[in-house]
Structure formats: structure tokens, C-alpha cells
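*Asks:* Input file: my_file14.pdb. Contents: PDB, C-alpha atoms, pLDDT in the B column.
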ATOM      1  CA  MET A   1      19.903   2.809  -6.485  1.00 57.00           C
ATOM      2  CA  PRO A   2      16.210   3.524  -6.365  1.00 76.00           C
ATOM      3  CA  ARG A   3      13.929   1.598  -4.001  1.00 89.00           C
ATOM      4  CA  LEU A   4      10.793   0.829  -6.010  1.00 94.00           C
ATOM      5  CA  PHE A   5       7.300  -0.511  -5.479  1.00 95.00           C
ATOM      6  CA  THR A   6       3.988  -0.397  -7.319  1.00 96.00           C
ATOM      7  CA  GLY A   7       0.788   0.763  -5.722  1.00 97.00           C
ATOM      8  CA  LEU A   8      -2.492   2.587  -5.808  1.00 97.00           C
ATOM      9  CA  GLU A   9      -2.736   6.170  -4.643  1.00 97.00           C
ATOM     10  CA  ILE A  10      -5.326   7.131  -2.044  1.00 98.00           C
ATOM     11  CA  PRO A  11      -7.572  10.074  -3.008  1.00 98.00           C
ATOM     12  CA  ALA A  12      -7.242  13.145  -0.780  1.00 97.00           C
ATOM     13  CA  GLU A  13     -10.761  12.858   0.656  1.00 98.00           C
ATOM     14  CA  VAL A  14     -10.208   9.201   1.618  1.00 98.00           C
ATOM     15  CA  GLY A  15      -6.803  10.087   3.078  1.00 98.00           C
ATOM     16  CA  PHE A  16      -8.392  12.852   5.144  1.00 97.00           C
ATOM     17  CA  ALA A  17     -11.024  10.454   6.526  1.00 96.00           C
ATOM     18  CA  LEU A  18      -8.279   7.948   7.427  1.00 97.00           C
ATOM     19  CA  SER A  19      -6.186  10.674   9.057  1.00 96.00           C
ATOM     20  CA  LEU A  20      -8.985  11.253  11.567  1.00 94.00           C
ATOM     21  CA  LYS A  21      -8.005   7.911  13.146  1.00 93.00           C
ATOM     22  CA  ARG A  22      -4.568   9.337  14.107  1.00 94.00           C
ATOM     23  CA  GLY A  23      -3.550   9.882  17.707  1.00 91.00           C
ATOM     24  CA  GLY A  24      -4.032   8.256  21.080  1.00 91.00           C
ATOM     25  CA  LEU A  25      -1.808   5.209  20.606  1.00 95.00           C
ATOM     26  CA  SER A  26       1.546   5.190  22.380  1.00 93.00           C
ATOM     27  CA  GLY A  27       4.476   3.944  20.347  1.00 95.00           C
ATOM     28  CA  ALA A  28       2.771   4.845  17.056  1.00 96.00           C
ATOM     29  CA  ARG A  29       4.658   6.762  14.379  1.00 95.00           C
ATOM     30  CA  TRP A  30       1.812   8.037  12.223  1.00 96.00           C
ATOM     31  CA  ILE A  31       2.261   8.087   8.467  1.00 95.00           C
ATOM     32  CA  ASP A  32       1.596  11.379   6.720  1.00 94.00           C
ATOM     33  CA  PRO A  33      -1.709  11.172   4.783  1.00 95.00           C
ATOM     34  CA  ASP A  34       0.115  12.327   1.635  1.00 94.00           C
ATOM     35  CA  ASN A  35       1.996   9.020   1.754  1.00 94.00           C
ATOM     36  CA  TYR A  36      -1.030   6.723   2.137  1.00 96.00           C
ATOM     37  CA  HIS A  37      -1.154   4.098  -0.605  1.00 97.00           C
ATOM     38  CA  ILE A  38      -1.959   0.442  -1.250  1.00 98.00           C
ATOM     39  CA  THR A  39       1.195  -1.473  -2.153  1.00 97.00           C
ATOM     40  CA  LEU A  40       0.698  -3.920  -5.010  1.00 96.00           C
ATOM     41  CA  ARG A  41       4.266  -5.201  -5.385  1.00 96.00           C
ATOM     42  CA  PHE A  42       7.415  -4.318  -3.454  1.00 94.00           C
ATOM     43  CA  ILE A  43      10.369  -4.378  -5.842  1.00 94.00           C
ATOM     44  CA  GLY A  44      13.203  -3.163  -3.625  1.00 91.00           C
ATOM     45  CA  ASP A  45      16.556  -1.540  -4.328  1.00 90.00           C
ATOM     46  CA  VAL A  46      17.489  -1.914  -7.997  1.00 90.00           C
ATOM     47  CA  ASP A  47      20.090  -0.512 -10.364  1.00 89.00           C
ATOM     48  CA  GLY A  48      19.186   1.834 -13.219  1.00 89.00           C
ATOM     49  CA  LYS A  49      19.066  -0.918 -15.858  1.00 90.00           C
ATOM     50  CA  THR A  50      16.663  -3.000 -13.765  1.00 91.00           C
ATOM     51  CA  ALA A  51      14.552   0.085 -13.034  1.00 91.00           C
ATOM     52  CA  ASP A  52      14.219   0.685 -16.790  1.00 91.00           C
ATOM     53  CA  GLU A  53      13.207  -2.959 -17.300  1.00 92.00           C
ATOM     54  CA  VAL A  54      10.575  -2.602 -14.561  1.00 93.00           C
ATOM     55  CA  VAL A  55       9.121   0.499 -16.249  1.00 92.00           C
ATOM     56  CA  ASP A  56       9.033  -1.272 -19.638  1.00 91.00           C
ATOM     57  CA  SER A  57       7.490  -4.438 -18.168  1.00 91.00           C
ATOM     58  CA  LEU A  58       4.727  -2.544 -16.373  1.00 93.00           C
ATOM     59  CA  ASP A  59       4.107  -0.484 -19.507  1.00 88.00           C
ATOM     60  CA  ARG A  60       3.175  -3.698 -21.330  1.00 80.00           C
ATOM     61  CA  LEU A  61       0.401  -4.339 -18.836  1.00 80.00           C
ATOM     62  CA  SER A  62      -2.600  -3.001 -20.654  1.00 62.00           C
ATOM     63  CA  ASN A  63      -5.482  -2.870 -18.278  1.00 68.00           C
ATOM     64  CA  SER A  64      -8.808  -1.379 -19.247  1.00 63.00           C
ATOM     65  CA  LEU A  65     -10.172  -2.669 -15.973  1.00 76.00           C
ATOM     66  CA  GLN A  66     -12.080  -0.297 -13.758  1.00 84.00           C
ATOM     67  CA  PHE A  67     -12.884  -1.407 -10.236  1.00 93.00           C
ATOM     68  CA  SER A  68     -13.685  -0.062  -6.807  1.00 96.00           C
ATOM     69  CA  ILE A  69     -11.544  -0.229  -3.682  1.00 98.00           C
ATOM     70  CA  ARG A  70     -13.345  -0.430  -0.353  1.00 98.00           C
ATOM     71  CA  LEU A  71     -11.568   0.105   2.972  1.00 98.00           C
ATOM     72  CA  THR A  72     -13.573  -1.653   5.662  1.00 96.00           C
ATOM     73  CA  HIS A  73     -11.700  -2.055   8.948  1.00 96.00           C
ATOM     74  CA  LEU A  74      -8.650  -1.376  11.100  1.00 96.00           C
ATOM     75  CA  GLY A  75      -6.138  -4.134  11.676  1.00 96.00           C
ATOM     76  CA  THR A  76      -2.555  -4.833  12.671  1.00 96.00           C
ATOM     77  CA  PHE A  77       0.440  -6.790  11.482  1.00 96.00           C
ATOM     78  CA  GLY A  78       2.682  -8.489  13.997  1.00 95.00           C
ATOM     79  CA  GLY A  79       0.351 -10.475  16.255  1.00 92.00           C
ATOM     80  CA  ASP A  80       1.507 -10.300  19.893  1.00 94.00           C
ATOM     81  CA  LYS A  81       4.181  -7.748  18.909  1.00 96.00           C
ATOM     82  CA  PRO A  82       2.258  -5.369  16.659  1.00 97.00           C
ATOM     83  CA  ARG A  83       4.442  -3.469  14.200  1.00 96.00           C
ATOM     84  CA  ALA A  84       1.861  -1.693  12.012  1.00 97.00           C
ATOM     85  CA  LEU A  85      -1.695  -0.376  12.180  1.00 97.00           C
ATOM     86  CA  TYR A  86      -3.574  -0.402   8.894  1.00 97.00           C
ATOM     87  CA  ALA A  87      -6.913   0.134   7.164  1.00 97.00           C
ATOM     88  CA  GLY A  88      -7.887  -3.131   5.494  1.00 97.00           C
ATOM     89  CA  VAL A  89      -9.140  -3.490   1.929  1.00 98.00           C
ATOM     90  CA  GLU A  90     -12.191  -5.610   1.211  1.00 97.00           C
ATOM     91  CA  PRO A  91     -11.230  -8.621  -0.946  1.00 94.00           C
ATOM     92  CA  SER A  92     -11.570  -7.873  -4.663  1.00 94.00           C
ATOM     93  CA  GLU A  93     -11.043 -10.244  -7.569  1.00 94.00           C
ATOM     94  CA  ALA A  94     -10.101  -7.342  -9.863  1.00 93.00           C
ATOM     95  CA  LEU A  95      -7.474  -6.050  -7.422  1.00 95.00           C
ATOM     96  CA  SER A  96      -6.035  -9.550  -6.986  1.00 95.00           C
ATOM     97  CA  ARG A  97      -5.843  -9.985 -10.775  1.00 92.00           C
ATOM     98  CA  LEU A  98      -4.003  -6.662 -11.151  1.00 93.00           C
ATOM     99  CA  GLN A  99      -1.498  -7.626  -8.455  1.00 95.00           C
ATOM    100  CA  ALA A 100      -0.987 -11.111  -9.940  1.00 94.00           C
ATOM    101  CA  ALA A 101      -0.404  -9.653 -13.421  1.00 93.00           C
ATOM    102  CA  GLN A 102       2.255  -7.334 -12.005  1.00 95.00           C
ATOM    103  CA  GLU A 103       3.878 -10.229 -10.203  1.00 96.00           C
ATOM    104  CA  ARG A 104       4.056 -12.222 -13.455  1.00 95.00           C
ATOM    105  CA  VAL A 105       5.572  -9.440 -15.600  1.00 93.00           C
ATOM    106  CA  LEU A 106       8.085  -8.475 -12.919  1.00 95.00           C
ATOM    107  CA  GLN A 107       9.242 -12.077 -12.530  1.00 95.00           C
ATOM    108  CA  ARG A 108       9.609 -12.276 -16.333  1.00 92.00           C
ATOM    109  CA  ALA A 109      11.797  -9.167 -16.073  1.00 90.00           C
ATOM    110  CA  GLY A 110      14.107 -11.135 -13.770  1.00 91.00           C
ATOM    111  CA  LEU A 111      12.921 -10.070 -10.312  1.00 93.00           C
ATOM    112  CA  PRO A 112      12.587 -12.742  -7.639  1.00 94.00           C
ATOM    113  CA  PRO A 113       9.045 -13.684  -6.556  1.00 94.00           C
ATOM    114  CA  GLU A 114       7.471 -11.653  -3.773  1.00 92.00           C
ATOM    115  CA  GLY A 115       7.879 -13.760  -0.657  1.00 89.00           C
ATOM    116  CA  ARG A 116       4.897 -12.381   1.246  1.00 90.00           C
ATOM    117  CA  LYS A 117       1.231 -13.078   0.682  1.00 93.00           C
ATOM    118  CA  PHE A 118      -0.653 -10.137  -0.850  1.00 96.00           C
ATOM    119  CA  VAL A 119      -2.716  -8.473   1.902  1.00 96.00           C
ATOM    120  CA  PRO A 120      -4.030  -5.186   0.483  1.00 98.00           C
ATOM    121  CA  HIS A 121      -4.071  -2.408   3.068  1.00 98.00           C
ATOM    122  CA  VAL A 122      -3.229   1.212   3.780  1.00 98.00           C
ATOM    123  CA  SER A 123      -0.572   1.560   6.488  1.00 97.00           C
ATOM    124  CA  LEU A 124      -1.598   4.230   8.996  1.00 97.00           C
ATOM    125  CA  ALA A 125       1.155   3.915  11.612  1.00 96.00           C
ATOM    126  CA  ARG A 126       4.352   2.034  12.365  1.00 96.00           C
ATOM    127  CA  LEU A 127       4.344   0.659  15.900  1.00 97.00           C
ATOM    128  CA  ARG A 128       7.279   0.217  18.232  1.00 95.00           C
ATOM    129  CA  GLY A 129       6.924  -1.092  21.760  1.00 94.00           C
ATOM    130  CA  THR A 130       3.138  -0.958  21.593  1.00 96.00           C
ATOM    131  CA  ALA A 131       1.388  -3.709  23.535  1.00 95.00           C
ATOM    132  CA  ALA A 132      -1.123  -5.843  21.647  1.00 96.00           C
ATOM    133  CA  ALA A 133      -3.733  -5.055  24.331  1.00 95.00           C
ATOM    134  CA  ASP A 134      -3.233  -1.316  23.763  1.00 96.00           C
ATOM    135  CA  VAL A 135      -3.721  -1.728  20.017  1.00 96.00           C
ATOM    136  CA  ALA A 136      -6.859  -3.821  20.569  1.00 94.00           C
ATOM    137  CA  ARG A 137      -8.214  -1.153  22.901  1.00 94.00           C
ATOM    138  CA  PHE A 138      -7.374   1.577  20.380  1.00 95.00           C
ATOM    139  CA  ILE A 139      -9.206  -0.267  17.592  1.00 94.00           C
ATOM    140  CA  ALA A 140     -12.211  -0.883  19.841  1.00 92.00           C
ATOM    141  CA  GLU A 141     -12.338   2.772  20.906  1.00 88.00           C
ATOM    142  CA  ALA A 142     -11.671   4.179  17.419  1.00 82.00           C
ATOM    143  CA  ALA A 143     -15.413   4.135  16.864  1.00 73.00           C
ATOM    144  CA  ARG A 144     -17.149   2.338  14.062  1.00 81.00           C
ATOM    145  CA  PHE A 145     -15.121   2.179  10.853  1.00 88.00           C
ATOM    146  CA  GLU A 146     -17.326   3.692   8.184  1.00 92.00           C
ATOM    147  CA  PRO A 147     -16.305   2.019   4.898  1.00 96.00           C
ATOM    148  CA  LEU A 148     -14.471   4.262   2.446  1.00 97.00           C
ATOM    149  CA  SER A 149     -14.622   3.601  -1.303  1.00 98.00           C
ATOM    150  CA  PHE A 150     -12.935   4.939  -4.404  1.00 97.00           C
ATOM    151  CA  VAL A 151     -12.235   3.933  -7.996  1.00 96.00           C
ATOM    152  CA  PRO A 152      -8.518   4.106  -8.828  1.00 95.00           C
ATOM    153  CA  ALA A 153      -7.785   5.643 -12.235  1.00 91.00           C
ATOM    154  CA  ARG A 154      -4.212   4.355 -12.369  1.00 93.00           C
ATOM    155  CA  PHE A 155      -1.535   2.378 -10.623  1.00 95.00           C
ATOM    156  CA  VAL A 156       1.891   3.897 -10.149  1.00 95.00           C
ATOM    157  CA  LEU A 157       5.532   3.003  -9.788  1.00 95.00           C
ATOM    158  CA  PHE A 158       6.726   4.672  -6.590  1.00 95.00           C
ATOM    159  CA  SER A 159      10.253   5.296  -5.421  1.00 92.00           C
ATOM    160  CA  SER A 160      11.299   5.929  -1.864  1.00 86.00           C
ATOM    161  CA  ARG A 161      14.492   6.794  -0.132  1.00 72.00           C
ATOM    162  CA  ASP A 162      16.128   4.207   2.062  1.00 65.00           C
ATOM    163  CA  SER A 163      14.550   5.050   5.397  1.00 59.00           C
ATOM    164  CA  VAL A 164      12.634   3.561   8.265  1.00 55.00           C
ATOM    165  CA  GLY A 165       9.424   3.645   6.215  1.00 58.00           C
ATOM    166  CA  GLY A 166       6.555   6.006   5.777  1.00 57.00           C
ATOM    167  CA  GLY A 167       7.828   8.082   2.852  1.00 68.00           C
ATOM    168  CA  PRO A 168       8.247  10.436   1.238  1.00 83.00           C
ATOM    169  CA  TYR A 169       7.233   8.524  -1.871  1.00 90.00           C
ATOM    170  CA  LEU A 170       7.652   9.832  -5.399  1.00 91.00           C
ATOM    171  CA  VAL A 171       5.606   8.792  -8.429  1.00 93.00           C
ATOM    172  CA  GLU A 172       8.130   7.673 -11.054  1.00 93.00           C
ATOM    173  CA  GLN A 173       5.639   6.431 -13.649  1.00 94.00           C
ATOM    174  CA  SER A 174       1.870   6.012 -13.883  1.00 94.00           C
ATOM    175  CA  TYR A 175      -0.208   3.442 -15.764  1.00 92.00           C
ATOM    176  CA  PRO A 176      -3.913   4.022 -16.493  1.00 91.00           C
ATOM    177  CA  LEU A 177      -6.414   1.430 -15.320  1.00 89.00           C
ATOM    178  CA  ALA A 178      -9.365   2.467 -17.454  1.00 73.00           C
ATOM    179  CA  ALA A 179      -9.556   3.641 -21.044  1.00 58.00           C
TER
END
Show the structure stored in the file as C-alpha cells.

*Replies:*
Amino acid sequence: MPRLFTGLEIPAEVGFALSLKRGGLSGARWIDPDNYHITLRFIGDVDGKTADEVVDSLDRLSNSLQFSIRLTHLGTFGGDKPRALYAGVEPSEALSRLQAAQERVLQRAGLPPEGRKFVPHVSLARLRGTAAADVARFIAEAARFEPLSFVPARFVLFSSRDSVGGGPYLVEQSYPLAA
């Protein structure tokens, strides 16, 4: 069974700039820059028939929308027990519309609704046993976060192997965002 999710790829030059933030945080398992992405919709483990339905459903999403993504800050998930360090995406109406459209077509294809609120980000590291104070210090000492921008040309359907996270991710299908 493939484990699927949709997302936006991160251009190599943006990935390189993000990779410069790596290191100096105990308990961090850094994600390889080749696996940086912005998840739009986690689908999960599905059988082949459902995977085909997902591909067909996403194919019906015609989107001539072109928009910019802007990464603006470092943040964490997990509160007092941080579990991930990420680069945050500036709020974007176009990005939210794309994610909501995917959510609608995937629910119509029979998938359950995504239970988590959409918080666009690029995961940089998985954290285990890292104190919240250490993460706060790391973010403060990481120097100023110079915003990084790019215009995505497509969104993709990724697959991953059942693992602890962080890839490798394979592009199963791509869908253009601009004509």
C-alpha cells in the first residue's frame, strides 16, 4: 500500500538556503534538503484502487493560478515538548484555496476529512528529547531569518515508505499550477 500526500516542491536554491540552518540543536534529526516540501494534504496508506481514484480526482483540479510562496520564520510544533522544527509560510489566500480545493475533491473521492488544521510549513528537523528552552535558544541564535520566496509551477502527489518520517519521497504524479 502506498502512503500518499500532496505537496509543493521546494526549489534547490531555497532548499540550500534552508539547509544552512542545520546543526547545533541536540535531539534534532535533520531532514535532507532533497526532501523539503510543503504538505498540502496528507492522504495516508491506501490501496491501489484508492490511489488511482486520488490521481483521477486531483487531475480534475484545473488550476491556472500562479502565486508566490514566502517562507518567513522558524517555528516549532509540540509546545513544551517540541517534536518538529520548521520554516513557516506566510499566509496566502491562493495557497489556502489550493489546499481547500484538494480537500474537497479528496473527500468526494471517499477519503475522510483531514483532522488537522492546515499550517503550511517546511519541516527542517524532527525533534526527540529536545527541551523547549533549547529550541527557543536555537531559534534566537539562528540569526535573522531572511525571507525566501518562490513561485511553484506545480503541485505533486508524493509517496513515501512507511518510516519514521523525513523521506525519501517520490513524485508519483504532477499537476501544473499555471498555464

*Asks:* Determine the residue set returned by the PyMOL selection byres ((chain A and resi 136) around 12) for the present structure, and present it as an MDAnalysis selection string.

*Replies:* chainID A and resid 25 74:76 79:82 85 130:135 137:142

*Asks:* For Phe145 of chain A, which of A:Tyr86, A:Phe118, A:Tyr175, A:Phe158 is the closest residue, counting all atoms listed in the file?

*Replies:*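 Ranked by minimum distance to Phe145 of chain A, first place goes to A:Tyr86.
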
*Asks:* Evaluate the PyMOL selection byres ((chain A and resi 37) around 6) here and jot the selected residues down as a ChimeraX atom specification.

*Replies:* /A:8-10,36,38,122

*Asks:* Which is closest to Val171 of chain A among A:Ser57, A:Ser26, A:Thr6, A:Ser92, if we use only C-alpha atoms?

*Replies:* A:Thr6

*Asks:* On this structure, which residues satisfy the PyMOL selection byres ((chain A and resi 69) around 6), written as number ranges by chain?

*Replies:* A: 68, 70, 149-150

*Asks:* The selected residues should be written to file as a PDB file, in the coordinates of the input (atoms: C-alpha atoms).

*Replies:*
ATOM      1  CA  SER A  68     -13.685  -0.062  -6.807  1.00 96.00           C
ATOM      2  CA  ARG A  70     -13.345  -0.430  -0.353  1.00 98.00           C
ATOM      3  CA  SER A 149     -14.622   3.601  -1.303  1.00 98.00           C
ATOM      4  CA  PHE A 150     -12.935   4.939  -4.404  1.00 97.00           C
TER       5      PHE A 150
END

*Asks:* I'd like the interatomic distance between atom CA of Trp30 of chain A and atom CA of Gly129 of chain A, to a tenth of an Å.

*Replies:*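 Separating atom CA of Trp30 of chain A from atom CA of Gly129 of chain A is a distance of 14.2 Å.
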
*Asks:* Show me the residues close to (-7.8, 6.0, 5.5) - anything with an atom within 10 Å, counting all atoms listed in the file - and format the list as a PyMOL selection string.

*Replies:* chain A and resi 10-22+33+36-37+71-74+86-88+121-124+145+147-149

*Asks:* Atoms to include: C-alpha atoms. Write the selected residues as a tab-separated table (two decimals), in the coordinates of the input.

*Replies:*
chain	number	residue	atom	x	y	z
A	10	ILE	CA	-5.33	7.13	-2.04
A	11	PRO	CA	-7.57	10.07	-3.01
A	12	ALA	CA	-7.24	13.14	-0.78
A	13	GLU	CA	-10.76	12.86	0.66
A	14	VAL	CA	-10.21	9.20	1.62
A	15	GLY	CA	-6.80	10.09	3.08
A	16	PHE	CA	-8.39	12.85	5.14
A	17	ALA	CA	-11.02	10.45	6.53
A	18	LEU	CA	-8.28	7.95	7.43
A	19	SER	CA	-6.19	10.67	9.06
A	20	LEU	CA	-8.98	11.25	11.57
A	21	LYS	CA	-8.01	7.91	13.15
A	22	ARG	CA	-4.57	9.34	14.11
A	33	PRO	CA	-1.71	11.17	4.78
A	36	TYR	CA	-1.03	6.72	2.14
A	37	HIS	CA	-1.15	4.10	-0.60
A	71	LEU	CA	-11.57	0.10	2.97
A	72	THR	CA	-13.57	-1.65	5.66
A	73	HIS	CA	-11.70	-2.06	8.95
A	74	LEU	CA	-8.65	-1.38	11.10
A	86	TYR	CA	-3.57	-0.40	8.89
A	87	ALA	CA	-6.91	0.13	7.16
A	88	GLY	CA	-7.89	-3.13	5.49
A	121	HIS	CA	-4.07	-2.41	3.07
A	122	VAL	CA	-3.23	1.21	3.78
A	123	SER	CA	-0.57	1.56	6.49
A	124	LEU	CA	-1.60	4.23	9.00
A	145	PHE	CA	-15.12	2.18	10.85
A	147	PRO	CA	-16.30	2.02	4.90
A	148	LEU	CA	-14.47	4.26	2.45
A	149	SER	CA	-14.62	3.60	-1.30

*Asks:* When distances are computed from all atoms listed in the file, which of A:Arg116, A:Arg104, A:Arg29, A:Arg144 shows the smallest separation from Phe42 of chain A?

*Replies:*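 Among A:Arg116, A:Arg104, A:Arg29, A:Arg144, it is A:Arg116 that comes nearest to Phe42 of chain A.
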
*Asks:* Would you mind listing what lies within 10 Å of Ser96 of chain A as a PyMOL selection string, with all atoms listed in the file counted and same-chain residues fewer than 4 positions away left out?

*Replies:* chain A and resi 40+91-92+100-102+118-120
